[in-house]
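The next block is model31.pdb, given as PDB, C-alpha atoms, pLDDT in the B column.
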ATOM      1  CA  MET A  37      15.072  37.076 -45.079  1.00 50.00           C
ATOM      2  CA  LYS A  38      15.269  34.362 -42.364  1.00 49.00           C
ATOM      3  CA  ARG A  39      17.118  36.707 -40.033  1.00 56.00           C
ATOM      4  CA  LEU A  40      14.506  39.409 -40.549  1.00 42.00           C
ATOM      5  CA  LEU A  41      11.695  36.937 -39.792  1.00 41.00           C
ATOM      6  CA  PHE A  42      13.483  35.770 -36.627  1.00 46.00           C
ATOM      7  CA  VAL A  43      13.992  39.373 -35.440  1.00 44.00           C
ATOM      8  CA  LEU A  44      10.345  40.241 -36.134  1.00 37.00           C
ATOM      9  CA  LEU A  45       9.050  37.183 -34.255  1.00 40.00           C
ATOM     10  CA  SER A  46      11.354  37.961 -31.319  1.00 48.00           C
ATOM     11  CA  CYS A  47      10.158  41.550 -31.171  1.00 42.00           C
ATOM     12  CA  ILE A  48       6.464  40.644 -30.967  1.00 41.00           C
ATOM     13  CA  GLY A  49       7.030  38.146 -28.152  1.00 41.00           C
ATOM     14  CA  LEU A  50       6.817  34.854 -30.017  1.00 36.00           C
ATOM     15  CA  SER A  51       9.631  32.469 -29.319  1.00 40.00           C
ATOM     16  CA  VAL A  52      11.011  29.574 -31.238  1.00 38.00           C
ATOM     17  CA  SER A  53      12.446  27.083 -28.777  1.00 49.00           C
ATOM     18  CA  ALA A  54      13.873  23.622 -28.734  1.00 55.00           C
ATOM     19  CA  GLN A  55      13.470  21.053 -26.000  1.00 72.00           C
ATOM     20  CA  ASP A  56       9.693  20.918 -25.811  1.00 92.00           C
ATOM     21  CA  VAL A  57       9.256  17.144 -25.402  1.00 97.00           C
ATOM     22  CA  ALA A  58      11.313  14.313 -23.944  1.00 97.00           C
ATOM     23  CA  VAL A  59      10.801  10.533 -23.749  1.00 98.00           C
ATOM     24  CA  LYS A  60      12.447   8.472 -21.032  1.00 98.00           C
ATOM     25  CA  SER A  61      13.006   5.100 -19.423  1.00 98.00           C
ATOM     26  CA  ASN A  62      13.909   4.547 -15.765  1.00 98.00           C
ATOM     27  CA  LEU A  63      16.970   2.273 -15.697  1.00 98.00           C
ATOM     28  CA  LEU A  64      16.251   1.234 -12.070  1.00 96.00           C
ATOM     29  CA  TYR A  65      12.828  -0.101 -13.071  1.00 94.00           C
ATOM     30  CA  ASP A  66      14.364  -1.731 -16.149  1.00 94.00           C
ATOM     31  CA  ALA A  67      16.782  -3.605 -13.853  1.00 93.00           C
ATOM     32  CA  ALA A  68      13.792  -4.828 -11.775  1.00 87.00           C
ATOM     33  CA  LEU A  69      12.087  -6.041 -14.998  1.00 86.00           C
ATOM     34  CA  ASN A  70       9.378  -3.361 -14.746  1.00 92.00           C
ATOM     35  CA  ILE A  71       8.254  -2.240 -18.193  1.00 95.00           C
ATOM     36  CA  ASN A  72       8.215   1.549 -17.987  1.00 97.00           C
ATOM     37  CA  GLY A  73       8.219   4.697 -20.029  1.00 98.00           C
ATOM     38  CA  GLY A  74       7.613   8.370 -19.656  1.00 98.00           C
ATOM     39  CA  VAL A  75       7.014  11.515 -21.595  1.00 98.00           C
ATOM     40  CA  GLU A  76       7.713  15.067 -20.446  1.00 98.00           C
ATOM     41  CA  PHE A  77       6.311  18.250 -21.983  1.00 97.00           C
ATOM     42  CA  GLY A  78       7.542  21.799 -21.603  1.00 97.00           C
ATOM     43  CA  VAL A  79       4.680  24.118 -20.603  1.00 96.00           C
ATOM     44  CA  THR A  80       6.608  27.316 -19.742  1.00 96.00           C
ATOM     45  CA  PRO A  81      10.326  28.176 -19.796  1.00 95.00           C
ATOM     46  CA  LYS A  82      10.728  26.913 -16.175  1.00 97.00           C
ATOM     47  CA  TRP A  83       7.925  24.298 -15.883  1.00 97.00           C
ATOM     48  CA  THR A  84       7.412  20.848 -17.389  1.00 98.00           C
ATOM     49  CA  VAL A  85       4.847  18.089 -16.889  1.00 98.00           C
ATOM     50  CA  ASP A  86       6.185  14.534 -16.667  1.00 98.00           C
ATOM     51  CA  VAL A  87       4.011  11.406 -16.841  1.00 98.00           C
ATOM     52  CA  THR A  88       5.514   7.958 -16.266  1.00 98.00           C
ATOM     53  CA  ALA A  89       3.813   4.580 -16.437  1.00 98.00           C
ATOM     54  CA  ASN A  90       5.053   1.240 -15.082  1.00 97.00           C
ATOM     55  CA  TYR A  91       3.822  -2.309 -15.631  1.00 97.00           C
ATOM     56  CA  ASN A  92       5.006  -5.649 -14.288  1.00 94.00           C
ATOM     57  CA  ASN A  93       3.040  -8.857 -14.863  1.00 90.00           C
ATOM     58  CA  TRP A  94       5.609 -11.465 -13.918  1.00 81.00           C
ATOM     59  CA  THR A  95       4.903 -14.691 -12.048  1.00 78.00           C
ATOM     60  CA  PHE A  96       8.135 -16.335 -10.938  1.00 80.00           C
ATOM     61  CA  SER A  97       8.945 -19.911  -9.939  1.00 79.00           C
ATOM     62  CA  GLU A  98       7.032 -21.442  -7.039  1.00 75.00           C
ATOM     63  CA  GLY A  99       4.146 -19.027  -7.643  1.00 73.00           C
ATOM     64  CA  LYS A 100       6.042 -15.914  -6.497  1.00 81.00           C
ATOM     65  CA  ARG A 101       4.294 -12.777  -7.697  1.00 83.00           C
ATOM     66  CA  TRP A 102       5.403  -9.204  -8.124  1.00 83.00           C
ATOM     67  CA  LYS A 103       2.643  -7.828 -10.336  1.00 91.00           C
ATOM     68  CA  ASN A 104       1.796  -4.149 -10.474  1.00 94.00           C
ATOM     69  CA  TRP A 105       0.941  -1.196 -12.608  1.00 97.00           C
ATOM     70  CA  PHE A 106       1.083   2.464 -11.655  1.00 97.00           C
ATOM     71  CA  LEU A 107       1.100   5.979 -13.035  1.00 98.00           C
ATOM     72  CA  GLN A 108       3.114   8.865 -11.624  1.00 98.00           C
ATOM     73  CA  PRO A 109       2.413  12.323 -13.108  1.00 98.00           C
ATOM     74  CA  GLU A 110       4.665  15.139 -11.923  1.00 98.00           C
ATOM     75  CA  ALA A 111       4.883  18.926 -12.314  1.00 98.00           C
ATOM     76  CA  ARG A 112       8.499  20.091 -12.356  1.00 98.00           C
ATOM     77  CA  TYR A 113      10.060  23.468 -11.678  1.00 98.00           C
ATOM     78  CA  TRP A 114      13.516  23.893 -13.278  1.00 98.00           C
ATOM     79  CA  PHE A 115      15.949  26.301 -11.617  1.00 98.00           C
ATOM     80  CA  CYS A 116      17.701  27.151 -14.883  1.00 94.00           C
ATOM     81  CA  ASP A 117      16.564  25.843 -18.281  1.00 93.00           C
ATOM     82  CA  ARG A 118      14.064  23.020 -18.553  1.00 95.00           C
ATOM     83  CA  PHE A 119      15.540  19.572 -19.192  1.00 96.00           C
ATOM     84  CA  ALA A 120      18.909  20.675 -17.745  1.00 96.00           C
ATOM     85  CA  GLY A 121      20.252  21.041 -14.229  1.00 97.00           C
ATOM     86  CA  HIS A 122      18.382  21.090 -10.905  1.00 98.00           C
ATOM     87  CA  PHE A 123      14.598  20.731 -10.521  1.00 98.00           C
ATOM     88  CA  LEU A 124      11.883  20.223  -7.914  1.00 98.00           C
ATOM     89  CA  GLY A 125       9.022  17.891  -8.690  1.00 98.00           C
ATOM     90  CA  PHE A 126       5.535  17.574  -7.215  1.00 98.00           C
ATOM     91  CA  HIS A 127       4.107  14.150  -8.030  1.00 98.00           C
ATOM     92  CA  LEU A 128       0.959  12.071  -7.641  1.00 98.00           C
ATOM     93  CA  HIS A 129       0.951   8.283  -7.836  1.00 98.00           C
ATOM     94  CA  GLY A 130      -1.611   5.530  -8.037  1.00 98.00           C
ATOM     95  CA  GLY A 131      -1.973   1.958  -9.180  1.00 98.00           C
ATOM     96  CA  LYS A 132      -2.747  -1.668  -8.336  1.00 98.00           C
ATOM     97  CA  TYR A 133      -0.643  -4.612  -7.133  1.00 94.00           C
ATOM     98  CA  ASN A 134      -0.708  -8.384  -6.527  1.00 91.00           C
ATOM     99  CA  MET A 135       2.378  -9.529  -4.575  1.00 87.00           C
ATOM    100  CA  GLY A 136       3.383 -12.600  -2.596  1.00 85.00           C
ATOM    101  CA  GLY A 137       6.003 -15.281  -2.039  1.00 81.00           C
ATOM    102  CA  ILE A 138       8.821 -12.732  -1.944  1.00 78.00           C
ATOM    103  CA  LYS A 139      11.466 -13.036   0.770  1.00 76.00           C
ATOM    104  CA  GLY A 140      11.654  -9.562   2.331  1.00 68.00           C
ATOM    105  CA  GLY A 141      12.679 -10.258   5.899  1.00 65.00           C
ATOM    106  CA  PHE A 142      12.759  -6.624   7.052  1.00 65.00           C
ATOM    107  CA  ASN A 143      10.658  -3.589   7.936  1.00 65.00           C
ATOM    108  CA  LEU A 144      10.732  -0.515   5.732  1.00 65.00           C
ATOM    109  CA  LEU A 145       9.345   2.622   7.365  1.00 64.00           C
ATOM    110  CA  GLY A 146       6.428   0.838   9.032  1.00 65.00           C
ATOM    111  CA  SER A 147       5.808  -1.686   6.257  1.00 69.00           C
ATOM    112  CA  ASP A 148       6.607  -5.271   7.342  1.00 69.00           C
ATOM    113  CA  LEU A 149       7.964  -6.820   4.136  1.00 67.00           C
ATOM    114  CA  SER A 150       8.599 -10.179   5.845  1.00 69.00           C
ATOM    115  CA  LYS A 151       4.834 -10.846   5.526  1.00 71.00           C
ATOM    116  CA  LEU A 152       5.256 -11.110   1.733  1.00 76.00           C
ATOM    117  CA  GLU A 153       6.970 -14.492   2.097  1.00 79.00           C
ATOM    118  CA  ASP A 154       3.945 -16.478   3.325  1.00 80.00           C
ATOM    119  CA  ASN A 155       1.061 -14.261   2.197  1.00 84.00           C
ATOM    120  CA  ARG A 156      -0.265 -12.657  -0.960  1.00 87.00           C
ATOM    121  CA  TYR A 157      -1.542  -9.079  -0.991  1.00 91.00           C
ATOM    122  CA  GLN A 158      -3.824  -7.665  -3.659  1.00 94.00           C
ATOM    123  CA  GLY A 159      -4.989  -4.051  -3.671  1.00 97.00           C
ATOM    124  CA  TRP A 160      -4.604  -0.475  -4.849  1.00 98.00           C
ATOM    125  CA  PHE A 161      -2.736   2.635  -3.701  1.00 98.00           C
ATOM    126  CA  ALA A 162      -2.767   6.413  -4.205  1.00 98.00           C
ATOM    127  CA  GLY A 163      -0.718   9.293  -2.857  1.00 98.00           C
ATOM    128  CA  ALA A 164       1.506  12.284  -3.482  1.00 98.00           C
ATOM    129  CA  GLY A 165       5.042  13.464  -2.880  1.00 98.00           C
ATOM    130  CA  VAL A 166       7.827  15.872  -3.631  1.00 98.00           C
ATOM    131  CA  GLY A 167      11.109  15.142  -5.394  1.00 98.00           C
ATOM    132  CA  TYR A 168      14.462  16.668  -6.194  1.00 98.00           C
ATOM    133  CA  GLY A 169      16.473  15.852  -9.270  1.00 98.00           C
ATOM    134  CA  TYR A 170      19.263  16.791 -11.610  1.00 98.00           C
ATOM    135  CA  SER A 171      19.468  16.281 -15.362  1.00 98.00           C
ATOM    136  CA  PHE A 172      22.919  15.873 -16.944  1.00 98.00           C
ATOM    137  CA  ILE A 173      23.255  16.771 -20.627  1.00 97.00           C
ATOM    138  CA  LEU A 174      25.060  13.926 -22.412  1.00 98.00           C
ATOM    139  CA  GLY A 175      24.732  15.170 -25.966  1.00 96.00           C
ATOM    140  CA  MET A 176      22.556  17.176 -28.313  1.00 94.00           C
ATOM    141  CA  HIS A 177      19.463  15.037 -27.623  1.00 96.00           C
ATOM    142  CA  TRP A 178      20.485  12.728 -24.750  1.00 98.00           C
ATOM    143  CA  ASN A 179      20.281  13.351 -21.005  1.00 98.00           C
ATOM    144  CA  LEU A 180      20.783  11.299 -17.852  1.00 98.00           C
ATOM    145  CA  GLU A 181      18.470  12.286 -15.022  1.00 98.00           C
ATOM    146  CA  LEU A 182      18.640  11.386 -11.321  1.00 98.00           C
ATOM    147  CA  GLU A 183      15.666  11.920  -8.992  1.00 98.00           C
ATOM    148  CA  ILE A 184      14.643  10.954  -5.457  1.00 98.00           C
ATOM    149  CA  GLY A 185      11.253  11.668  -3.916  1.00 98.00           C
ATOM    150  CA  ILE A 186       9.474  11.325  -0.592  1.00 98.00           C
ATOM    151  CA  GLY A 187       5.775  11.397   0.122  1.00 98.00           C
ATOM    152  CA  TYR A 188       2.652   9.612   1.286  1.00 98.00           C
ATOM    153  CA  ALA A 189       0.670   6.637  -0.008  1.00 97.00           C
ATOM    154  CA  PHE A 190      -2.639   5.192   1.147  1.00 98.00           C
ATOM    155  CA  THR A 191      -3.338   1.575   0.258  1.00 97.00           C
ATOM    156  CA  LYS A 192      -6.361  -0.705   0.608  1.00 98.00           C
ATOM    157  CA  PHE A 193      -5.823  -4.440   0.148  1.00 96.00           C
ATOM    158  CA  ASP A 194      -6.993  -8.001   0.706  1.00 95.00           C
ATOM    159  CA  ARG A 195      -4.656 -10.582   2.275  1.00 92.00           C
ATOM    160  CA  TYR A 196      -4.540 -14.211   1.144  1.00 90.00           C
ATOM    161  CA  GLU A 197      -3.022 -16.920   3.357  1.00 83.00           C
ATOM    162  CA  CYS A 198      -0.858 -18.523   0.717  1.00 76.00           C
ATOM    163  CA  ILE A 199       0.654 -17.420  -2.537  1.00 73.00           C
ATOM    164  CA  GLY A 200      -1.393 -19.514  -4.958  1.00 70.00           C
ATOM    165  CA  CYS A 201      -4.617 -20.273  -3.096  1.00 71.00           C
ATOM    166  CA  GLY A 202      -7.775 -18.224  -3.260  1.00 73.00           C
ATOM    167  CA  GLU A 203      -8.535 -18.288   0.490  1.00 83.00           C
ATOM    168  CA  ARG A 204      -8.979 -14.667   1.502  1.00 90.00           C
ATOM    169  CA  GLN A 205      -7.967 -14.067   5.141  1.00 91.00           C
ATOM    170  CA  GLU A 206      -8.593 -10.344   5.452  1.00 92.00           C
ATOM    171  CA  THR A 207     -10.488  -7.905   3.275  1.00 94.00           C
ATOM    172  CA  GLY A 208     -10.500  -4.122   3.058  1.00 94.00           C
ATOM    173  CA  LYS A 209      -7.378  -3.615   5.193  1.00 95.00           C
ATOM    174  CA  THR A 210      -5.709  -0.207   4.913  1.00 96.00           C
ATOM    175  CA  HIS A 211      -2.183   1.042   5.415  1.00 93.00           C
ATOM    176  CA  HIS A 212      -0.657   4.534   5.495  1.00 94.00           C
ATOM    177  CA  TYR A 213       2.902   4.846   4.213  1.00 93.00           C
ATOM    178  CA  VAL A 214       5.269   7.813   4.538  1.00 94.00           C
ATOM    179  CA  GLY A 215       8.735   7.558   3.025  1.00 94.00           C
ATOM    180  CA  PRO A 216      10.466   7.252  -0.366  1.00 95.00           C
ATOM    181  CA  THR A 217       7.942   7.381  -3.223  1.00 97.00           C
ATOM    182  CA  LYS A 218      10.234   7.867  -6.200  1.00 97.00           C
ATOM    183  CA  ALA A 219      13.700   6.783  -7.290  1.00 97.00           C
ATOM    184  CA  ALA A 220      14.821   7.284 -10.858  1.00 98.00           C
ATOM    185  CA  VAL A 221      17.864   7.047 -13.063  1.00 98.00           C
ATOM    186  CA  ASN A 222      16.283   8.074 -16.359  1.00 98.00           C
ATOM    187  CA  LEU A 223      17.829   7.807 -19.790  1.00 98.00           C
ATOM    188  CA  ILE A 224      16.181  10.590 -21.792  1.00 98.00           C
ATOM    189  CA  TYR A 225      15.848  11.564 -25.436  1.00 98.00           C
ATOM    190  CA  VAL A 226      14.924  15.243 -25.853  1.00 96.00           C
ATOM    191  CA  PHE A 227      13.246  16.420 -29.066  1.00 93.00           C
TER     192      PHE A 227
END

Just give me the structure as structure tokens.
Amino acid sequence: MKRLLFVLLSCIGLSVSAQDVAVKSNLLYDAALNINGGVEFGVTPKWTVDVTANYNNWTFSEGKRWKNWFLQPEARYWFCDRFAGHFLGFHLHGGKYNMGGIKGGFNLLGSDLSKLEDNRYQGWFAGAGVGYGYSFILGMHWNLELEIGIGYAFTKFDRYECIGCGERQETGKTHHYVGPTKAAVNLIYVF
């Protein structure tokens, strides 16, 4: 009877499929003490929608701050089956930050990170990008996914002279960033 029902459903175009939802954690963000999580939904046989969220509210010794939250939704096209193999992703990103007292000492694609040592920056950002990734099947429900993305981000911020003081030095400054916008080593559980 079960076989007959399966054949009938297949003939009328209905499909019964596994791998419709996955939950994940980015191990790179975990290593940086960023609380993060994501969920990915299958929408067609070759397309999924991934939404990740990140939160960091740490204040370190000597008033050093690396506080942020951001969301990064992404539409993914899978070259073979979803949740396995190669994919292209098209992502958006946006969030807020409050950073200062961090020894950077270098420039990264037009962003002078050495300014973080003596100043505090508080603002928001938004942008978009494209990514490429690969998902390795580890077991029946477990995957390991690697992804790198590049894109654009616009940010608007206020600069404070010192890490802990409230003296605002500049307000409403903007910055345009083009470069890496996503790096992930995701541990995934697929339902």

So the first atom is CA of Glu110 in chain A and the second is CA of Phe193 in chain A; what is the distance between them in Å, to one decimal place? 25.3 Å

Taking a cut-off of 10 Å and counting all atoms listed in the file, can you build a table that, for each residue of range 97-208 of chain A near range 67-83 of chain A, reports the nearest atom pair and how far apart they are in Å (one decimal), sorted by chain then residue number, as a tab-separated table?
residue	atom	partner	partner_atom	distance
A:Trp102	CA	A:Asn70	CA	9.7
A:Lys103	CA	A:Asn70	CA	9.2
A:Asn104	CA	A:Asn70	CA	8.7
A:Trp105	CA	A:Asn70	CA	9.0
A:Phe106	CA	A:Asn72	CA	9.6
A:Leu107	CA	A:Gly74	CA	9.6
A:Gln108	CA	A:Gly74	CA	9.2
A:Pro109	CA	A:Gly74	CA	9.2
A:Glu110	CA	A:Glu76	CA	9.1
A:Ala111	CA	A:Trp83	CA	7.1
A:Arg112	CA	A:Trp83	CA	5.5
A:Tyr113	CA	A:Trp83	CA	4.8
A:Trp114	CA	A:Lys82	CA	5.0
A:Phe115	CA	A:Lys82	CA	7.0
A:Cys116	CA	A:Lys82	CA	7.1
A:Asp117	CA	A:Lys82	CA	6.3
A:Arg118	CA	A:Lys82	CA	5.7
A:Phe119	CA	A:Gly78	CA	8.6
A:Phe123	CA	A:Lys82	CA	9.2
A:Leu124	CA	A:Trp83	CA	9.8
A:Gly125	CA	A:Trp83	CA	9.7

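CA of Val59 in chain A is found 8.3 Å from CA of Phe227 in chain A.
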
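Picture a line from CA of Thr84 in chain A to CA of Leu63 in chain A; it runs 21.0 Å.
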
Apply the PyMOL selection byres ((chain A and resi 189) around 6) to the displayed file and report the matching residues as a PyMOL selection string. chain A and resi 162-163+188+190+213

Within 8 Å of Ile184 in chain A using only C-alpha atoms, minus same-chain residues under 5 positions, as JSON, numbers by chain: {"A": [167, 168, 169, 216, 217, 218, 219, 220]}

Taking the file as I've supplied it (selection: the PyMOL selection byres ((chain A and resi 98) around 12)), which residues are included? Please answer as an mmCIF file with C-alpha atoms, in the frame of the given file.
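Saved the output as part.cif:
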data_model
loop_
_atom_site.group_PDB
_atom_site.id
_atom_site.type_symbol
_atom_site.label_atom_id
_atom_site.label_comp_id
_atom_site.auth_asym_id
_atom_site.auth_seq_id
_atom_site.Cartn_x
_atom_site.Cartn_y
_atom_site.Cartn_z
ATOM 1 C CA THR A 95 4.903 -14.691 -12.048
ATOM 2 C CA PHE A 96 8.135 -16.335 -10.938
ATOM 3 C CA SER A 97 8.945 -19.911 -9.939
ATOM 4 C CA GLY A 99 4.146 -19.027 -7.643
ATOM 5 C CA LYS A 100 6.042 -15.914 -6.497
ATOM 6 C CA ARG A 101 4.294 -12.777 -7.697
ATOM 7 C CA GLY A 136 3.383 -12.600 -2.596
ATOM 8 C CA GLY A 137 6.003 -15.281 -2.039
ATOM 9 C CA ILE A 138 8.821 -12.732 -1.944
ATOM 10 C CA GLU A 153 6.970 -14.492 2.097
ATOM 11 C CA ASP A 154 3.945 -16.478 3.325
ATOM 12 C CA CYS A 198 -0.858 -18.523 0.717
ATOM 13 C CA ILE A 199 0.654 -17.420 -2.537
ATOM 14 C CA GLY A 200 -1.393 -19.514 -4.958
#

I need the residue nearest Gly187 in chain A from this list: A:Cys201, A:Ala120, A:Ala164, A:Val221. Use all atoms listed in the file for the distance. A:Ala164

Non-local contacts of Tyr196 in chain A (7 Å; only C-alpha atoms; under 5 positions in same chain excluded) as a list in words: Asn155, Arg156, Tyr157, Gly202, Glu203, Arg204 and Gln205 of chain A

What are the centre and the three edge lengths of an axis-aligned box that wraps all atoms of range 67-85 of chain A in the file, given that 6 Å is added to every side, written as lines of an AutoDock Vina configuration file and rounded to one decimal in Å?
center_x = 10.7
center_y = 11.1
center_z = -16.9
size_x = 24.1
size_y = 46.2
size_z = 22.2

Val226 in chain A environment, 7 Å, only C-alpha atoms, sequence neighbours closer than 3 positions dropped, as a list in words: Gln55, Val57, Ala58, Val59, His177 and Trp178 of chain A

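Proximity to Asn179 in chain A at 8 Å, evaluated using all atoms listed in the file and with sequence-adjacent residues fewer than 6 positions away removed, yields Ser171, Phe172, Ile173, Leu223, Ile224, Tyr225 and Val226 of chain A.
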